[in-house]
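This report concerns only the one structure given below.
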Amino acid sequence: MPVPKLTDQEFIEAWNSHESAADFARVLGVNLSSLRKRRRRIENRYKINLEAKQKKNQYAHYSTAGNHAARYAAGIENGTVIVFSDAHFWPGLRSTAFKGLLWAIENFQPKAVVCNGDAFDGASISRFPRIGWDSKPSVIQELKACEASLGEIEEAAKKARHNVKLIWPLGNHDARFENRLAQNASEFEGVKGFHLKDHFPAWIPCWSTWLTDDVVVKHRYKGGIHATHNNTVSGGKSIVTGHLHSLKVTPYTDYNGTRYGVDTGTLADTDGLQFVDYLEDSPTNWRSGFMVLTFVDGQLLYPEVVQKWDQDKIQFRGKIIDVSGY
């Protein structure tokens with residue numbers, strides 16, 4: 001069905017009065033793909049940006065852990081989004097995948113960078129007991145490590161592209177920070193610095209970010225080795241998660257078309273100090289890396305894996321890339 005005969009100005013006004021491309025198409029009774037194509041032509045013709053507005057958060061009453069909004073609508077129509085997770089930033093450690101992330105931000109100039117949970121590890125406030133006489137960094141040492149690493153990402157994003165969205169869906173390790181305070185110092189509720197987000201003002205906190213109406217990024221959903229498959233089958237959307245460190249893409253096709261279950265792996269080295277003791281030298285089905293997501297007219301192309309190859313080297317699109325300079 002073609003888009004109704006609206007002038008360009010009428011189209012712009014109508015676009016700006018709706019919350020999303022899907023809402024615009026539904027109200028006017030037009031084909032979503034045709035609407036997006038005309039939007040792109042108008043943007044190119046007038047050198048403007050018709051962004052999808054963020055929907056009012058109808059799930060705000062579920063917010064916990066420092067008032068993280070339940071959903072953040074990113075409004076991505078075209079371009080690249082880079083998603084990493086489970087960095088477990090640790091004092092003195094700088095992983096190969098982290099260097100690869102800085103390389104990717106510089107080269108792909110993403111619309112958004114998503115830290116999909118567990119940037120903060122919280123080793124000293126874990127529910128797990130100390131193993132032998134192991135030494136864990138303090139909370140302040142971990143916070144400084146997170147600030148340093150996320151600060152590098154922020155600077156890389158600023159250099160690569162103006163107004164990059166930096167989004168941080170909360171992870172279960174991140175939640176340790178506020179959970180410990182809420183359980184043991186509840187009278188300090190609301191004091192600045194007692195929320196994790198207070199320390200990272202450049203990042204948008206949430207439980208999930210909807211890059212489009214059909215692509216959801218959140219730290220975790222289903223568990224187990226078939227999580228990526230079960231996530232997209234159960235959720236009915238392309239769902240990008242972390243938590244399991246597996247770094248893989250599982251496509252799923254039904255009458256609604258093809259969607260993807262994605263695990264973004266871990267940005268940390270899999271044999272890093274964050275993991276070495278509690279894993280007890282056991283093998284893990286983990287991979288170090290992150291994901292590059294590309295969108296064309298609101299549609300997600302096949303997600304691309306960036307994976308650590310060797311020390312200071314990553315593999316991407318059939319090439320081995322040296323990232324020692326980052």
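Residue numbering restarts at 1 in every chain; chains get A, B, ... in the order shown in the structure tokens, and ligands count up from 1 in that same order.
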Residues near Arg259 of chain A, cut-off 7 Å, only C-alpha atoms, skip fewer than 3 positions along chain, as number ranges by chain
A: 237-238, 251-253
Note to self: Excluding Tyr221 of chain A and its own-chain neighbours fewer than 3 positions away, which residues fall within 12 Å of it when counting only C-alpha atoms? Please give them as a list in words.
What the structure shows: Gly171, Asn172, Trp207, Ser208, Val216, Val217, Lys218, Gly224, His226, Ala227, Thr228, His229, Asn230, Asn231, Thr232, Val233, Ser234, Gly235, Ile239, Val240, Thr241, Gly242, His243, Leu244, Gly261, Val262 and Asp263 of chain A
### Residues within 12 Å of segment 138-147 of chain A, only C-alpha atoms, excluding chain neighbours under 3 positions, as a VMD selection string
chain A and resid 86 to 94 115 118 to 126 135 150 to 155 173 to 174 176 to 178 180 to 181 193 195 to 203 274
In terms of only C-alpha atoms, the residue from A:Leu32, A:Leu166, A:Ile42, A:Leu6 at minimal distance from Ala112 of chain A is A:Leu166
How many Å lie between atom CA of Ile82 of chain A and atom CA of Tyr255 of chain A, rounded to one decimal?
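Between atom CA of Ile82 of chain A and atom CA of Tyr255 of chain A the gap is 28.5 Å.
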Point to revise | Gap from atom CA of Thr212 of chain A to atom CA of Arg26 of chain A - Å, one decimal | key: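 Pair atom CA of Thr212 of chain A / atom CA of Arg26 of chain A returns 15.6 Å.
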message = Could you tell me how far atom CA of Val164 of chain A sits from atom CA of Lys319 of chain A, in Å to one decimal place?
response =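 Computed distance, atom CA of Lys319 of chain A to atom CA of Val164 of chain A, equals 26.7 Å.
Closest approach to Trp210 of chain A from the set A:Phe11, A:Tyr72, A:Tyr46, A:Tyr302 is made by A:Tyr72, with distances taken over only C-alpha atoms.
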### Query
Taking the backbone alone, and naming residues the way the document does, which bits of segment 231-277 of chain A are alpha helix (DSSP H) by DSSP, as a PyMOL selection string?
chain A and resi 231-235
Margin query: Which residues are near Gly79 of chain A? Cut-off 12 Å, only C-alpha atoms, ignore same chain within fewer than 6 positions. Put them as a ChimeraX atom specification.
Written below: /A:108-113,161,164,211-212,292-301
Residues of the last selection are to be written out with N, CA and C atoms, as a compact mmCIF listing (two decimals), in the first residue's frame.
```txt
# COMPACT_ATOMS: atom_id res chain seq x y z
N PHE A 108 33.33 2.28 12.75
CA PHE A 108 31.94 2.15 12.34
C PHE A 108 31.06 3.32 12.75
N GLN A 109 31.60 4.23 13.55
CA GLN A 109 30.87 5.44 13.94
C GLN A 109 29.41 5.13 14.29
N PRO A 110 29.20 4.35 15.33
CA PRO A 110 27.85 3.85 15.64
C PRO A 110 26.88 4.94 16.09
N LYS A 111 25.59 4.68 15.86
CA LYS A 111 24.54 5.55 16.38
C LYS A 111 24.43 5.39 17.90
N ALA A 112 24.72 4.19 18.38
CA ALA A 112 24.63 3.91 19.81
C ALA A 112 25.66 2.86 20.20
N VAL A 113 26.13 2.95 21.43
CA VAL A 113 26.96 1.91 22.05
C VAL A 113 26.21 1.43 23.28
N ARG A 161 31.60 10.13 16.38
CA ARG A 161 30.32 10.61 15.89
C ARG A 161 29.70 11.55 16.92
N VAL A 164 26.43 10.32 20.04
CA VAL A 164 26.24 8.87 20.14
C VAL A 164 25.47 8.57 21.42
N LEU A 211 16.01 -1.10 20.48
CA LEU A 211 16.67 -0.37 19.41
C LEU A 211 15.68 -0.02 18.32
N THR A 212 14.75 -0.94 18.04
CA THR A 212 13.59 -0.70 17.18
C THR A 212 12.40 -1.37 17.86
N VAL A 292 28.30 -6.36 16.44
CA VAL A 292 28.01 -5.21 15.60
C VAL A 292 26.65 -5.45 14.94
N LEU A 293 25.70 -4.56 15.21
CA LEU A 293 24.36 -4.67 14.64
C LEU A 293 24.17 -3.55 13.62
N THR A 294 23.71 -3.91 12.44
CA THR A 294 23.50 -2.94 11.37
C THR A 294 22.02 -2.90 11.00
N PHE A 295 21.48 -1.69 10.87
CA PHE A 295 20.06 -1.51 10.57
C PHE A 295 19.89 -0.76 9.24
N VAL A 296 18.97 -1.25 8.43
CA VAL A 296 18.62 -0.60 7.18
C VAL A 296 17.10 -0.45 7.15
N ASP A 297 16.62 0.80 7.10
CA ASP A 297 15.19 1.09 7.12
C ASP A 297 14.47 0.36 8.25
N GLY A 298 15.09 0.38 9.42
CA GLY A 298 14.48 -0.21 10.61
C GLY A 298 14.60 -1.71 10.72
N GLN A 299 15.25 -2.35 9.74
CA GLN A 299 15.39 -3.80 9.76
C GLN A 299 16.81 -4.19 10.17
N LEU A 300 16.91 -5.19 11.04
CA LEU A 300 18.21 -5.67 11.50
C LEU A 300 18.80 -6.65 10.49
N LEU A 301 20.00 -6.36 9.99
CA LEU A 301 20.72 -7.31 9.17
C LEU A 301 21.31 -8.40 10.07
```
